[in-house]
Amino acid sequence: MNELTVEGLDAAYGASQVLFGVDLAVERGETLALMGRNGAGKSTTFKAIAGLLKPRAGRVLVRGQDVAGRKPYRIARAGIAFVPEDRQVFPEHTVEENLEIAERTGLGGSGWNRARAFEEFPMLQPLRRRFAGRLSGGEQQMLTIARSLMGNPSVLLLDEPSEGLAPLIVQEIGKLIRRLREMETTIVLAEQNSRFCLAVATRVAVIDKGSVVWRGTVDEFRAEPDVQARYLQV
């Protein structure tokens with residue numbers, strides 16, 4: 001059974017339809033890169049999956065359970081964690097308080113908690129008492145990812161995690177994504193940075209004008225320069 005299956009997803013902003021029958025399937029432990037130009041529908045796909053935009057049609061299955069159209073908090077409880085492009089930390093709370101707010105208790109020793117978060121995100125350990133609003137962009141990105149994991153999700157949606165960050169921080173985020181994959185965390189990554197995507201992903205889906213137009217492995221994508229030129233180059 002797939003960890004996440006999206007079938008025939010349609011979504012719109014008012015009268016303007018943006019997604020047209022989007023299909024995705026992600027197995028446990030995979031990192032799927034959802035690639036496309038700016039405005040192709042990547043962020044809208046994530047918002048529709050996470051419940052921030054109600055789909056017009058289609059299904060969103062988390063381990064076989066259809067959560068399409070539910071309230072965002074119910075979708076989060078079902079196992080979907082969404083890390084938005086603009087990060088959205090709680091600026092007037094400390095790093096540790098940001099983690100504490102999202103922490104789910106009662107999961108025994110196997111789940112994510114603050115101790116594990118500081119172990120896996122060593123950059124955050126010395127910052128635990130600093131207000132989140134005073135962190136750098138890269139530190140905020142790390143905190144947002146860590147906070148999302150505190151809910152022990154089945155699927156992690158990362159929207160443009162490398163955007164606007166210094167190259168060294170982008171490298172650290174790449175290392176983090178690979179570590180999470182080794183832990184069998186299922187990740188869907190939306191990015192315009194193709195070099196970053198191909199360094200961390202296992203499979204690729206290309207979206208254009210609200211529809212998935214190509215899918216395959218990273219190696220298959222590398223062997224398709226025509227696909228890259230047609231759908232990714234400006």
# chains A, B, ... in the order shown; residues from 1 in each chain; ligands from 1
>>> residues_around(residues="Ile173 in chain A", least_positions_apart="5", cutoff="10 Å", atoms="only C-alpha atoms", output="ChimeraX atom specification")
/A:138,141-142,145,161-162,165,167-168,178-179,196,200
>>> write_last_selection(atoms="N, CA and C atoms", output="JSON list (two decimals), in the first residue's frame")
[["chain", "number", "residue", "atom", "x", "y", "z"],
["A", 138, "GLY", "N", 17.63, 30.21, 7.26],
["A", 138, "GLY", "CA", 17.97, 28.78, 7.28],
["A", 138, "GLY", "C", 17.62, 28.13, 8.59],
["A", 141, "GLN", "N", 13.97, 27.59, 8.67],
["A", 141, "GLN", "CA", 13.57, 26.45, 7.83],
["A", 141, "GLN", "C", 13.80, 25.14, 8.57],
["A", 142, "MET", "N", 14.94, 25.01, 9.22],
["A", 142, "MET", "CA", 15.21, 23.81, 10.00],
["A", 142, "MET", "C", 14.19, 23.64, 11.11],
["A", 145, "ILE", "N", 10.78, 22.43, 9.73],
["A", 145, "ILE", "CA", 10.80, 21.01, 9.40],
["A", 145, "ILE", "C", 10.76, 20.17, 10.68],
["A", 161, "PRO", "N", 11.89, 24.11, -0.15],
["A", 161, "PRO", "CA", 12.70, 24.24, 1.08],
["A", 161, "PRO", "C", 14.02, 24.94, 0.89],
["A", 162, "SER", "N", 14.53, 25.02, -0.36],
["A", 162, "SER", "CA", 15.84, 25.64, -0.57],
["A", 162, "SER", "C", 15.76, 27.10, -0.99],
["A", 165, "LEU", "N", 17.85, 30.56, 0.40],
["A", 165, "LEU", "CA", 18.80, 30.20, 1.45],
["A", 165, "LEU", "C", 20.23, 30.14, 0.91],
["A", 167, "PRO", "N", 23.94, 28.77, 0.11],
["A", 167, "PRO", "CA", 24.32, 27.43, -0.38],
["A", 167, "PRO", "C", 24.68, 26.44, 0.72],
["A", 168, "LEU", "N", 25.36, 26.88, 1.77],
["A", 168, "LEU", "CA", 25.72, 25.96, 2.85],
["A", 168, "LEU", "C", 24.48, 25.43, 3.58],
["A", 178, "ARG", "N", 18.09, 13.42, 3.11],
["A", 178, "ARG", "CA", 18.63, 12.07, 2.91],
["A", 178, "ARG", "C", 18.60, 11.26, 4.21],
["A", 179, "ARG", "N", 18.88, 11.92, 5.33],
["A", 179, "ARG", "CA", 18.80, 11.21, 6.62],
["A", 179, "ARG", "C", 17.37, 10.78, 6.91],
["A", 196, "PHE", "N", 19.13, 20.49, -6.85],
["A", 196, "PHE", "CA", 18.83, 20.09, -5.48],
["A", 196, "PHE", "C", 17.91, 18.87, -5.47],
["A", 200, "VAL", "N", 18.54, 14.67, -3.96],
["A", 200, "VAL", "CA", 17.89, 14.13, -2.76],
["A", 200, "VAL", "C", 16.74, 13.18, -3.06]]
>>> select_by_dssp(residues="range 118-199 of chain A", states="strand (DSSP E)", output="MDAnalysis selection string")
chainID A and resid 155:159 186:191
>>> closest_residue(among="A:Thr31, A:Thr5, A:Asn98, A:Thr186", to="Leu198 in chain A", atoms="only C-alpha atoms")
A:Thr31
>>> closest_atom_pairs(of="range 40-157 of chain A", to="range 205-228 of chain A", cutoff="9 Å", atoms="only C-alpha atoms", output="Markdown table")
| residue | atom | partner | partner_atom | distance |
| --- | --- | --- | --- | --- |
| A:Ala40 | CA | A:Asp208 | CA | 4.8 |
| A:Gly41 | CA | A:Gly210 | CA | 4.9 |
| A:Lys42 | CA | A:Ile207 | CA | 7.1 |
| A:Thr44 | CA | A:Gly210 | CA | 8.7 |
| A:Thr45 | CA | A:Gly210 | CA | 8.4 |
>>> residues_around(residues="Pro84 in chain A", least_positions_apart="5", cutoff="9 Å", atoms="only C-alpha atoms", output="PDB file with C-alpha atoms, in the first residue's frame")
ATOM      1  CA  SER A  43       2.104  24.696  -4.155  1.00  0.00           C
ATOM      2  CA  PHE A  46       0.277  20.683  -1.604  1.00  0.00           C
ATOM      3  CA  LYS A  47      -2.431  23.008  -0.296  1.00  0.00           C
ATOM      4  CA  THR A 144       9.796  24.444  10.669  1.00  0.00           C
ATOM      5  CA  LEU A 157       5.310  17.841   2.228  1.00  0.00           C
ATOM      6  CA  LEU A 158       8.190  20.291   1.686  1.00  0.00           C
ATOM      7  CA  ASP A 159       7.358  23.348  -0.419  1.00  0.00           C
ATOM      8  CA  GLU A 160      10.450  25.032  -1.925  1.00  0.00           C
ATOM      9  CA  PRO A 161      12.696  24.241   1.078  1.00  0.00           C
TER      10      PRO A 161
END
>>> closest_atom_pairs(of="range 141-198 of chain A", to="range 111-126 of chain A", cutoff="12 Å", atoms="only C-alpha atoms", output="CSV")
residue,atom,partner,partner_atom,distance
A:Gln141,CA,A:Leu124,CA,10.7
A:Met142,CA,A:Phe121,CA,7.3
A:Leu143,CA,A:Leu124,CA,7.2
A:Thr144,CA,A:Leu124,CA,10.9
A:Ile145,CA,A:Phe121,CA,9.5
A:Ala146,CA,A:Ala117,CA,6.1
A:Arg147,CA,A:Ala117,CA,8.3
A:Ser148,CA,A:Trp112,CA,9.8
A:Leu149,CA,A:Trp112,CA,6.5
A:Met150,CA,A:Trp112,CA,5.2
A:Gly151,CA,A:Trp112,CA,7.3
A:Asn152,CA,A:Trp112,CA,5.9
A:Pro153,CA,A:Trp112,CA,9.4
A:Ser154,CA,A:Gly111,CA,11.3
A:Ile169,CA,A:Met123,CA,10.5
A:Glu172,CA,A:Met123,CA,9.7
A:Ile173,CA,A:Phe121,CA,10.1
A:Lys175,CA,A:Phe121,CA,10.9
A:Leu176,CA,A:Phe121,CA,8.2
A:Ile177,CA,A:Glu120,CA,11.1
A:Arg179,CA,A:Glu120,CA,8.8
A:Leu180,CA,A:Glu120,CA,9.3
A:Met183,CA,A:Glu120,CA,11.2
A:Thr185,CA,A:Trp112,CA,11.7
>>> atom_distance(atom1="CA of Arg74 in chain A", atom2="CA of Glu30 in chain A")
23.5 Å
>>> select_by_dssp(residues="range 119-205 of chain A", states="alpha helix (DSSP H)", output="VMD selection string")
chain A and resid 119 to 120 137 to 149 167 to 182 194 to 200
>>> decode(residues="range 2-52 of chain A", atoms="N, CA and C atoms", output="JSON list (two decimals), in the first residue's frame")
[["chain", "number", "residue", "atom", "x", "y", "z"],
["A", 2, "ASN", "N", 0.53, 2.22, -0.84],
["A", 2, "ASN", "CA", 1.27, 3.48, -0.86],
["A", 2, "ASN", "C", 1.04, 4.26, 0.43],
["A", 3, "GLU", "N", 2.05, 5.02, 0.82],
["A", 3, "GLU", "CA", 1.89, 5.90, 1.97],
["A", 3, "GLU", "C", 0.95, 7.07, 1.61],
["A", 4, "LEU", "N", 1.10, 7.57, 0.38],
["A", 4, "LEU", "CA", 0.25, 8.65, -0.12],
["A", 4, "LEU", "C", -0.15, 8.35, -1.56],
["A", 5, "THR", "N", -1.45, 8.48, -1.83],
["A", 5, "THR", "CA", -1.96, 8.34, -3.18],
["A", 5, "THR", "C", -2.89, 9.50, -3.47],
["A", 6, "VAL", "N", -2.63, 10.18, -4.56],
["A", 6, "VAL", "CA", -3.50, 11.28, -5.01],
["A", 6, "VAL", "C", -4.09, 10.86, -6.35],
["A", 7, "GLU", "N", -5.41, 10.91, -6.43],
["A", 7, "GLU", "CA", -6.10, 10.45, -7.64],
["A", 7, "GLU", "C", -7.06, 11.51, -8.16],
["A", 8, "GLY", "N", -6.85, 11.92, -9.41],
["A", 8, "GLY", "CA", -7.79, 12.81, -10.08],
["A", 8, "GLY", "C", -8.07, 14.11, -9.36],
["A", 9, "LEU", "N", -7.04, 14.72, -8.78],
["A", 9, "LEU", "CA", -7.24, 15.91, -7.94],
["A", 9, "LEU", "C", -7.46, 17.16, -8.79],
["A", 10, "ASP", "N", -8.61, 17.77, -8.63],
["A", 10, "ASP", "CA", -8.94, 19.06, -9.23],
["A", 10, "ASP", "C", -9.04, 20.09, -8.12],
["A", 11, "ALA", "N", -8.55, 21.31, -8.38],
["A", 11, "ALA", "CA", -8.67, 22.39, -7.40],
["A", 11, "ALA", "C", -8.71, 23.72, -8.12],
["A", 12, "ALA", "N", -9.34, 24.71, -7.47],
["A", 12, "ALA", "CA", -9.51, 26.02, -8.09],
["A", 12, "ALA", "C", -9.47, 27.10, -7.04],
["A", 13, "TYR", "N", -9.13, 28.30, -7.48],
["A", 13, "TYR", "CA", -9.28, 29.51, -6.69],
["A", 13, "TYR", "C", -10.45, 30.29, -7.28],
["A", 14, "GLY", "N", -11.59, 30.20, -6.62],
["A", 14, "GLY", "CA", -12.79, 30.82, -7.18],
["A", 14, "GLY", "C", -13.18, 30.15, -8.49],
["A", 15, "ALA", "N", -13.34, 30.96, -9.53],
["A", 15, "ALA", "CA", -13.74, 30.42, -10.84],
["A", 15, "ALA", "C", -12.54, 29.94, -11.65],
["A", 16, "SER", "N", -11.33, 30.15, -11.14],
["A", 16, "SER", "CA", -10.13, 29.81, -11.89],
["A", 16, "SER", "C", -9.60, 28.44, -11.47],
["A", 17, "GLN", "N", -9.76, 27.45, -12.32],
["A", 17, "GLN", "CA", -9.27, 26.11, -12.01],
["A", 17, "GLN", "C", -7.77, 26.05, -12.23],
["A", 18, "VAL", "N", -7.07, 25.43, -11.26],
["A", 18, "VAL", "CA", -5.61, 25.40, -11.27],
["A", 18, "VAL", "C", -5.08, 23.98, -11.43],
["A", 19, "LEU", "N", -5.74, 23.00, -10.82],
["A", 19, "LEU", "CA", -5.31, 21.60, -10.92],
["A", 19, "LEU", "C", -6.31, 20.81, -11.74],
["A", 20, "PHE", "N", -5.78, 19.93, -12.60],
["A", 20, "PHE", "CA", -6.62, 19.16, -13.51],
["A", 20, "PHE", "C", -6.22, 17.68, -13.43],
["A", 21, "GLY", "N", -6.89, 16.95, -12.55],
["A", 21, "GLY", "CA", -6.69, 15.50, -12.49],
["A", 21, "GLY", "C", -5.31, 15.07, -12.07],
["A", 22, "VAL", "N", -4.74, 15.71, -11.06],
["A", 22, "VAL", "CA", -3.39, 15.37, -10.60],
["A", 22, "VAL", "C", -3.38, 13.97, -9.96],
["A", 23, "ASP", "N", -2.45, 13.13, -10.41],
["A", 23, "ASP", "CA", -2.26, 11.79, -9.87],
["A", 23, "ASP", "C", -0.83, 11.66, -9.34],
["A", 24, "LEU", "N", -0.70, 11.19, -8.11],
["A", 24, "LEU", "CA", 0.62, 10.93, -7.51],
["A", 24, "LEU", "C", 0.53, 9.67, -6.67],
["A", 25, "ALA", "N", 1.63, 8.95, -6.56],
["A", 25, "ALA", "CA", 1.69, 7.78, -5.69],
["A", 25, "ALA", "C", 3.08, 7.71, -5.09],
["A", 26, "VAL", "N", 3.15, 7.63, -3.75],
["A", 26, "VAL", "CA", 4.43, 7.65, -3.06],
["A", 26, "VAL", "C", 4.46, 6.50, -2.05],
["A", 27, "GLU", "N", 5.48, 5.66, -2.16],
["A", 27, "GLU", "CA", 5.64, 4.54, -1.25],
["A", 27, "GLU", "C", 6.39, 4.99, 0.01],
["A", 28, "ARG", "N", 6.28, 4.18, 1.04],
["A", 28, "ARG", "CA", 6.98, 4.49, 2.30],
["A", 28, "ARG", "C", 8.48, 4.61, 2.07],
["A", 29, "GLY", "N", 9.05, 5.69, 2.61],
["A", 29, "GLY", "CA", 10.48, 5.88, 2.52],
["A", 29, "GLY", "C", 10.97, 6.51, 1.24],
["A", 30, "GLU", "N", 10.07, 6.78, 0.30],
["A", 30, "GLU", "CA", 10.45, 7.44, -0.93],
["A", 30, "GLU", "C", 10.54, 8.95, -0.75],
["A", 31, "THR", "N", 11.34, 9.59, -1.60],
["A", 31, "THR", "CA", 11.34, 11.04, -1.73],
["A", 31, "THR", "C", 10.96, 11.36, -3.17],
["A", 32, "LEU", "N", 9.76, 11.88, -3.34],
["A", 32, "LEU", "CA", 9.27, 12.24, -4.67],
["A", 32, "LEU", "C", 9.46, 13.73, -4.88],
["A", 33, "ALA", "N", 10.14, 14.11, -5.95],
["A", 33, "ALA", "CA", 10.31, 15.51, -6.31],
["A", 33, "ALA", "C", 9.21, 15.90, -7.29],
["A", 34, "LEU", "N", 8.37, 16.85, -6.88],
["A", 34, "LEU", "CA", 7.35, 17.41, -7.75],
["A", 34, "LEU", "C", 7.94, 18.67, -8.37],
["A", 35, "MET", "N", 8.28, 18.58, -9.65],
["A", 35, "MET", "CA", 9.03, 19.64, -10.30],
["A", 35, "MET", "C", 8.18, 20.34, -11.36],
["A", 36, "GLY", "N", 8.47, 21.61, -11.56],
["A", 36, "GLY", "CA", 7.76, 22.39, -12.56],
["A", 36, "GLY", "C", 8.12, 23.85, -12.42],
["A", 37, "ARG", "N", 7.79, 24.61, -13.44],
["A", 37, "ARG", "CA", 8.06, 26.04, -13.41],
["A", 37, "ARG", "C", 7.21, 26.73, -12.34],
["A", 38, "ASN", "N", 7.56, 27.95, -12.02],
["A", 38, "ASN", "CA", 6.77, 28.77, -11.13],
["A", 38, "ASN", "C", 5.36, 28.94, -11.70],
["A", 39, "GLY", "N", 4.34, 28.65, -10.90],
["A", 39, "GLY", "CA", 2.97, 28.74, -11.36],
["A", 39, "GLY", "C", 2.42, 27.49, -12.01],
["A", 40, "ALA", "N", 3.20, 26.41, -12.01],
["A", 40, "ALA", "CA", 2.75, 25.17, -12.66],
["A", 40, "ALA", "C", 1.70, 24.43, -11.85],
["A", 41, "GLY", "N", 1.63, 24.71, -10.52],
["A", 41, "GLY", "CA", 0.64, 24.04, -9.68],
["A", 41, "GLY", "C", 1.22, 23.26, -8.52],
["A", 42, "LYS", "N", 2.51, 23.41, -8.25],
["A", 42, "LYS", "CA", 3.15, 22.63, -7.18],
["A", 42, "LYS", "C", 2.57, 22.99, -5.81],
["A", 43, "SER", "N", 2.60, 24.27, -5.48],
["A", 43, "SER", "CA", 2.10, 24.70, -4.16],
["A", 43, "SER", "C", 0.61, 24.45, -4.01],
["A", 44, "THR", "N", -0.13, 24.64, -5.08],
["A", 44, "THR", "CA", -1.58, 24.39, -5.03],
["A", 44, "THR", "C", -1.86, 22.92, -4.77],
["A", 45, "THR", "N", -1.06, 22.04, -5.37],
["A", 45, "THR", "CA", -1.20, 20.60, -5.10],
["A", 45, "THR", "C", -1.01, 20.32, -3.62],
["A", 46, "PHE", "N", 0.02, 20.90, -3.03],
["A", 46, "PHE", "CA", 0.28, 20.68, -1.60],
["A", 46, "PHE", "C", -0.86, 21.23, -0.74],
["A", 47, "LYS", "N", -1.35, 22.41, -1.08],
["A", 47, "LYS", "CA", -2.43, 23.01, -0.30],
["A", 47, "LYS", "C", -3.70, 22.16, -0.38],
["A", 48, "ALA", "N", -3.97, 21.59, -1.55],
["A", 48, "ALA", "CA", -5.15, 20.74, -1.71],
["A", 48, "ALA", "C", -4.99, 19.43, -0.93],
["A", 49, "ILE", "N", -3.78, 18.88, -0.92],
["A", 49, "ILE", "CA", -3.52, 17.66, -0.15],
["A", 49, "ILE", "C", -3.68, 17.93, 1.34],
["A", 50, "ALA", "N", -3.14, 19.08, 1.80],
["A", 50, "ALA", "CA", -3.10, 19.39, 3.24],
["A", 50, "ALA", "C", -4.39, 19.99, 3.76],
["A", 51, "GLY", "N", -5.36, 20.26, 2.89],
["A", 51, "GLY", "CA", -6.65, 20.77, 3.34],
["A", 51, "GLY", "C", -6.75, 22.28, 3.40],
["A", 52, "LEU", "N", -5.71, 22.99, 2.96],
["A", 52, "LEU", "CA", -5.75, 24.45, 2.96],
["A", 52, "LEU", "C", -6.53, 24.99, 1.77]]
